[in-house]
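Quick look at my_file_29.cif (mmCIF, C-alpha atoms and all ligand atoms):
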data_protein
loop_
_atom_site.label_atom_id
_atom_site.label_comp_id
_atom_site.auth_asym_id
_atom_site.auth_seq_id
_atom_site.Cartn_x
_atom_site.Cartn_y
_atom_site.Cartn_z
CA MET C 1 13.20 -27.56 16.99
CA GLU C 2 9.48 -28.29 16.76
CA PHE C 3 7.38 -28.92 13.69
CA ALA C 4 3.72 -27.91 13.56
CA MET C 5 1.26 -30.73 12.88
CA GLY C 6 0.01 -30.98 9.32
CA ASN C 7 -0.52 -33.31 6.39
CA GLY C 8 2.33 -35.09 4.62
CA THR C 9 2.92 -32.46 1.97
CA HIS C 10 2.76 -29.69 4.53
CA GLN C 11 5.26 -31.50 6.73
CA ALA C 12 7.58 -32.23 3.81
CA LYS C 13 7.61 -28.52 2.93
CA ILE C 14 8.36 -27.53 6.52
CA GLU C 15 11.25 -30.00 6.63
CA LEU C 16 12.58 -28.81 3.27
CA ILE C 17 12.63 -25.22 4.57
CA ALA C 18 14.29 -26.29 7.84
CA ARG C 19 17.06 -28.07 5.91
CA ASN C 20 17.80 -24.81 4.11
CA ILE C 21 18.27 -22.60 7.15
CA ARG C 22 21.78 -22.25 8.56
CA ASN C 23 22.72 -21.29 12.09
CA PHE C 24 25.69 -18.98 12.66
CA PRO C 25 26.69 -18.70 16.33
CA ASP C 26 27.90 -15.29 17.55
CA PHE C 27 26.75 -13.26 14.52
CA PRO C 28 26.55 -10.27 14.29
CA VAL C 29 27.61 -10.12 17.95
CA LYS C 30 28.60 -12.69 20.57
CA GLY C 31 25.69 -14.65 22.03
CA ILE C 32 23.36 -14.39 19.01
CA GLN C 33 22.43 -17.57 17.16
CA PHE C 34 21.89 -16.05 13.72
CA LYS C 35 19.43 -17.92 11.49
CA ASP C 36 20.46 -17.46 7.90
CA VAL C 37 17.65 -17.83 5.34
CA CYS C 38 19.90 -17.26 2.29
CA PRO C 39 20.04 -21.00 1.43
CA VAL C 40 16.22 -20.95 1.14
CA LEU C 41 16.56 -18.30 -1.57
CA LYS C 42 19.19 -20.36 -3.37
CA GLU C 43 17.02 -23.50 -3.45
CA PRO C 44 13.93 -22.92 -5.65
CA SER C 45 11.92 -25.75 -4.09
CA ALA C 46 12.51 -24.40 -0.57
CA LEU C 47 11.57 -20.86 -1.62
CA SER C 48 8.39 -22.18 -3.26
CA ALA C 49 7.61 -24.11 -0.08
CA VAL C 50 7.76 -20.91 2.00
CA VAL C 51 5.45 -19.06 -0.38
CA ASP C 52 3.12 -22.09 -0.68
CA LEU C 53 2.68 -22.31 3.10
CA PHE C 54 2.20 -18.56 3.52
CA GLU C 55 -0.30 -18.56 0.63
CA GLU C 56 -2.19 -21.55 2.01
CA HIS C 57 -2.49 -19.95 5.45
CA THR C 58 -3.61 -16.63 3.98
CA ARG C 59 -6.27 -18.20 1.77
CA GLN C 60 -7.60 -20.29 4.67
CA THR C 61 -7.43 -17.69 7.43
CA PHE C 62 -7.25 -14.20 5.91
CA PRO C 63 -8.92 -14.33 2.47
CA GLN C 64 -9.92 -10.68 2.91
CA VAL C 65 -6.28 -9.47 2.75
CA ASP C 66 -5.75 -6.27 0.73
CA ILE C 67 -1.99 -5.81 0.88
CA ILE C 68 1.26 -7.43 2.02
CA ALA C 69 3.81 -5.35 3.95
CA GLY C 70 7.39 -6.61 4.14
CA ILE C 71 9.96 -5.59 6.73
CA GLU C 72 13.48 -4.64 5.58
CA ALA C 73 15.45 -6.48 4.59
CA ARG C 74 14.52 -10.12 4.63
CA GLY C 75 10.78 -9.48 4.55
CA PHE C 76 11.46 -8.20 1.02
CA PHE C 77 12.68 -11.65 -0.06
CA PHE C 78 9.34 -13.30 0.63
CA GLY C 79 6.65 -10.60 0.79
CA PRO C 80 6.48 -9.67 -2.91
CA LEU C 81 6.35 -13.34 -3.91
CA LEU C 82 3.38 -13.90 -1.61
CA ALA C 83 1.68 -10.72 -2.82
CA GLN C 84 2.02 -11.88 -6.44
CA ARG C 85 0.53 -15.28 -5.63
CA LEU C 86 -2.44 -13.61 -3.93
CA GLY C 87 -2.88 -10.95 -6.59
CA VAL C 88 -2.47 -8.08 -4.11
CA GLY C 89 0.09 -5.30 -3.75
CA PHE C 90 3.26 -5.14 -1.67
CA VAL C 91 4.59 -2.24 0.41
CA PRO C 92 8.00 -1.95 2.09
CA ILE C 93 8.64 -1.04 5.71
CA ARG C 94 12.22 0.22 5.72
CA LYS C 95 15.01 1.40 7.97
CA LYS C 96 15.26 5.14 8.58
CA GLY C 97 16.09 7.46 5.70
CA LYS C 98 15.61 5.03 2.81
CA LEU C 99 12.16 6.05 1.60
CA PRO C 100 11.49 9.28 -0.33
CA GLY C 101 8.54 11.60 0.22
CA PRO C 102 6.40 11.98 3.33
CA THR C 103 6.99 9.14 5.78
CA ALA C 104 6.22 8.13 9.36
CA SER C 105 8.75 6.39 11.60
CA LEU C 106 8.96 4.57 14.94
CA SER C 107 12.03 3.55 16.97
CA TYR C 108 12.25 0.25 18.85
CA THR C 109 14.73 -2.14 20.45
CA ILE C 110 15.92 -5.35 18.75
CA GLU C 111 17.70 -8.46 20.01
CA TYR C 112 21.04 -6.77 19.38
CA GLY C 113 20.52 -2.97 19.44
CA GLU C 114 18.15 -0.14 18.48
CA ASP C 115 16.46 0.51 15.16
CA VAL C 116 13.85 2.63 13.38
CA VAL C 117 11.15 1.50 10.94
CA GLU C 118 9.66 3.84 8.38
CA ILE C 119 6.77 3.72 5.92
CA GLN C 120 5.60 6.01 3.13
CA GLU C 121 2.50 7.96 4.01
CA ASP C 122 0.57 6.64 1.00
CA ALA C 123 1.63 3.00 1.43
CA VAL C 124 -1.64 1.99 3.08
CA THR C 125 -5.03 3.63 3.49
CA ALA C 126 -7.53 3.58 6.35
CA GLY C 127 -9.34 0.26 6.63
CA GLN C 128 -6.93 -1.73 4.46
CA LYS C 129 -6.26 -5.24 5.70
CA VAL C 130 -2.58 -6.01 5.87
CA ILE C 131 -0.40 -9.07 6.41
CA LEU C 132 3.11 -8.32 7.66
CA ILE C 133 6.05 -10.49 6.58
CA ASP C 134 9.54 -10.91 7.99
CA ASP C 135 12.00 -13.78 8.06
CA LEU C 136 12.25 -14.13 11.82
CA LEU C 137 10.58 -13.16 15.08
CA ALA C 138 13.02 -12.65 17.95
CA THR C 139 12.01 -10.18 20.69
CA GLY C 140 9.10 -8.97 18.53
CA GLY C 141 10.18 -5.33 18.63
CA THR C 142 10.51 -4.97 14.85
CA MET C 143 7.16 -6.58 14.18
CA GLN C 144 5.41 -4.61 16.92
CA ALA C 145 6.81 -1.29 15.66
CA SER C 146 5.73 -2.21 12.12
CA CYS C 147 2.20 -3.03 13.31
CA LYS C 148 1.98 0.33 15.09
CA LEU C 149 3.24 2.13 12.01
CA LEU C 150 0.50 0.56 9.87
CA GLU C 151 -2.10 1.34 12.51
CA LYS C 152 -1.03 4.97 12.53
CA TYR C 153 -2.62 5.08 9.07
CA GLU C 154 -5.63 3.10 10.36
CA ALA C 155 -4.76 -0.03 8.45
CA GLU C 156 -5.80 -3.31 10.06
CA VAL C 157 -3.09 -5.90 10.74
CA LEU C 158 -4.63 -9.30 10.02
CA GLY C 159 -1.54 -11.33 10.79
CA CYS C 160 2.22 -11.34 11.26
CA PHE C 161 3.99 -14.02 9.21
CA VAL C 162 7.55 -15.22 9.78
CA ILE C 163 9.49 -18.25 8.68
CA ILE C 164 11.19 -18.64 12.07
CA LYS C 165 10.07 -17.89 15.59
CA LEU C 166 12.71 -17.91 18.37
CA LYS C 167 10.48 -19.13 21.20
CA ASP C 168 12.74 -18.28 24.12
CA LEU C 169 12.72 -14.58 23.24
CA LYS C 170 8.95 -14.48 23.76
CA GLY C 171 8.25 -12.12 20.86
CA GLU C 172 4.72 -13.40 20.69
CA GLU C 173 3.98 -11.97 24.14
CA LYS C 174 4.77 -8.50 22.81
CA LEU C 175 2.44 -9.25 19.90
CA HIS C 176 -0.44 -10.58 21.99
CA ASN C 177 -2.87 -8.31 20.12
CA TYR C 178 -1.89 -9.86 16.80
CA LYS C 179 -2.04 -13.26 15.14
CA VAL C 180 1.49 -14.59 14.64
CA PHE C 181 2.06 -17.37 12.12
CA SER C 182 5.45 -19.09 11.96
CA LEU C 183 6.63 -22.05 9.89
CA LEU C 184 9.48 -23.12 12.21
CA GLN C 185 9.97 -22.66 15.92
CA TYR C 186 13.40 -22.92 17.55
P1 LIG C 201 13.17 -8.64 16.89
O1 LIG C 201 12.74 -7.23 16.66
O2 LIG C 201 14.00 -8.81 18.12
O3 LIG C 201 12.01 -9.61 16.84
O4 LIG C 201 14.15 -9.01 15.70
C1 LIG C 201 13.66 -9.40 14.46
C2 LIG C 201 14.45 -8.79 13.33
O5 LIG C 201 15.86 -8.90 13.53
C3 LIG C 201 14.14 -9.53 12.06
O6 LIG C 201 14.07 -8.57 11.01
C4 LIG C 201 15.28 -10.48 11.87
O7 LIG C 201 15.67 -10.56 10.54
C5 LIG C 201 16.41 -9.94 12.74
N1 LIG C 201 16.94 -10.93 13.70
C6 LIG C 201 16.87 -10.85 15.05
N2 LIG C 201 17.44 -11.90 15.64
C7 LIG C 201 17.88 -12.69 14.65
C8 LIG C 201 18.53 -13.98 14.60
N3 LIG C 201 18.85 -14.63 15.71
N4 LIG C 201 18.81 -14.49 13.39
C9 LIG C 201 18.47 -13.83 12.24
N5 LIG C 201 17.86 -12.64 12.22
C10 LIG C 201 17.55 -12.07 13.39
#
Output the structure of this file as structure tokens.
Amino acid sequence: MEFAMGNGTHQAKIELIARNIRNFPDFPVKGIQFKDVCPVLKEPSALSAVVDLFEEHTRQTFPQVDIIAGIEARGFFFGPLLAQRLGVGFVPIRKKGKLPGPTASLSYTIEYGEDVVEIQEDAVTAGQKVILIDDLLATGGTMQASCKLLEKYEAEVLGCFVIIKLKDLKGEEKLHNYKVFSLLQY
């Protein structure tokens, strides 16, 4: 695992988060190294560290942000906390069939199967500047589909934030049009 360069406090926060991520081999299917972020949620200081680092990066790089969009399900753990810190709203991007009212959807491939992302038609408006949040970037399919969904409504994706990036799966290549920010790279 690699740590990004930063000051002492920054580094201490990164290490605190890393200590609270568990690896489960062969979950949910053989061959997948599943990164479990649940211990981060259980440890208040680690959860604060995630939100601190996301907030810091947003304020430095994307102060113009209008709204945070979180990807089901683990983007919901962190997205609303960041939105509250920044004083902006949060909107969910969900799996198919979960959201009421008019929606738009997109199907895509993931590291271990196929999936569909969906958003409510009135979640974002044209010109709104959005930061997308998920726990992990693997092949990048989920994040890419979510970006396209937001762009369908002419929202602008400022950045894609994740706690963990799995480097070998090259998700960032799929997201070459977007700015990806990750706290930990494995
Ligand atoms: P992908 O679309 O391949 O980038 O997959 C990212 C989505 O699948 C995220 O929402 C992750 O929560 C989940 N995911 C994919 N691979 C893993 C993994 N190895 N460990 C934990 N979650 C994963």
Which distance in Å separates atom CA of C:Asp36 and atom CA of C:Arg22, to one decimal?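 Computing the Euclidean distance for atom CA of C:Asp36 and atom CA of C:Arg22 yields 5.0 Å.
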From the list C:Thr139, C:Gln120, C:Asn20, C:Gln185, which residue is nearest C:Leu47 when using all atoms listed in the file?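 Looking at the shortest contact to C:Leu47, the residue is C:Asn20.
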Contacts of ligand LIG 201 (chain C), 7 Å or closer, all atoms listed in the file, given as an mmCIF file with C-alpha atoms, in the frame of the given file:
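Listing of selection.cif after writing:
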data_model
loop_
_atom_site.group_PDB
_atom_site.id
_atom_site.type_symbol
_atom_site.label_atom_id
_atom_site.label_comp_id
_atom_site.auth_asym_id
_atom_site.auth_seq_id
_atom_site.Cartn_x
_atom_site.Cartn_y
_atom_site.Cartn_z
ATOM 1 C CA ILE C 32 23.360 -14.390 19.010
ATOM 2 C CA GLN C 33 22.430 -17.570 17.160
ATOM 3 C CA PHE C 34 21.890 -16.050 13.720
ATOM 4 C CA LYS C 35 19.430 -17.920 11.490
ATOM 5 C CA ASP C 36 20.460 -17.460 7.900
ATOM 6 C CA ILE C 71 9.960 -5.590 6.730
ATOM 7 C CA GLU C 72 13.480 -4.640 5.580
ATOM 8 C CA ALA C 73 15.450 -6.480 4.590
ATOM 9 C CA ARG C 74 14.520 -10.120 4.630
ATOM 10 C CA THR C 109 14.730 -2.140 20.450
ATOM 11 C CA ILE C 110 15.920 -5.350 18.750
ATOM 12 C CA GLU C 111 17.700 -8.460 20.010
ATOM 13 C CA ASP C 134 9.540 -10.910 7.990
ATOM 14 C CA ASP C 135 12.000 -13.780 8.060
ATOM 15 C CA LEU C 136 12.250 -14.130 11.820
ATOM 16 C CA LEU C 137 10.580 -13.160 15.080
ATOM 17 C CA ALA C 138 13.020 -12.650 17.950
ATOM 18 C CA THR C 139 12.010 -10.180 20.690
ATOM 19 C CA GLY C 140 9.100 -8.970 18.530
ATOM 20 C CA GLY C 141 10.180 -5.330 18.630
ATOM 21 C CA THR C 142 10.510 -4.970 14.850
ATOM 22 C CA MET C 143 7.160 -6.580 14.180
ATOM 23 C CA GLY C 171 8.250 -12.120 20.860
#
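Comparing C:Pro80, C:Gly87, C:Pro44, C:Gly97 by their smallest distance to C:Gln64, the closest is C:Gly87 (using only C-alpha atoms).
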At a cut-off of 10 Å, using only C-alpha atoms, what residues contact C:Ser107? Leave out same-chain residues fewer than 4 positions from it and give the result as an mmCIF file with C-alpha atoms, keeping the file's coordinate frame.
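Ended up saving to out_10.cif:
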data_model
loop_
_atom_site.group_PDB
_atom_site.id
_atom_site.type_symbol
_atom_site.label_atom_id
_atom_site.label_comp_id
_atom_site.auth_asym_id
_atom_site.auth_seq_id
_atom_site.Cartn_x
_atom_site.Cartn_y
_atom_site.Cartn_z
ATOM 1 C CA LYS C 95 15.010 1.400 7.970
ATOM 2 C CA LYS C 96 15.260 5.140 8.580
ATOM 3 C CA GLU C 114 18.150 -0.140 18.480
ATOM 4 C CA ASP C 115 16.460 0.510 15.160
ATOM 5 C CA VAL C 116 13.850 2.630 13.380
ATOM 6 C CA VAL C 117 11.150 1.500 10.940
ATOM 7 C CA GLU C 118 9.660 3.840 8.380
ATOM 8 C CA GLY C 141 10.180 -5.330 18.630
ATOM 9 C CA THR C 142 10.510 -4.970 14.850
ATOM 10 C CA ALA C 145 6.810 -1.290 15.660
ATOM 11 C CA SER C 146 5.730 -2.210 12.120
#
Return the single residue from C:Lys129, C:Lys179, C:Lys30, C:Arg85 that is closest to C:Cys160, with distances computed using all atoms listed in the file. C:Lys179
Proximity to C:Leu106 - best of C:Leu169, C:Leu149, C:Val65, C:Ile93, all atoms listed in the file: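 Distance minimum relative to C:Leu106 lands on C:Leu149.
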Residue contacts of C:Phe90 (8 Å, only C-alpha atoms) excluding same-chain residues fewer than 3 positions away, as a list in words: Ile67, Ile68, Ala69, Gly70, Gly79, Pro80 and Ala83 of chain C
Which is closer to C:Ala49 than all the others in C:Leu183, C:Ser105, C:Leu86, C:Val124, using all atoms listed in the file?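 Of C:Leu183, C:Ser105, C:Leu86, C:Val124, the one nearest C:Ala49, counting all atoms listed in the file, is C:Leu183.
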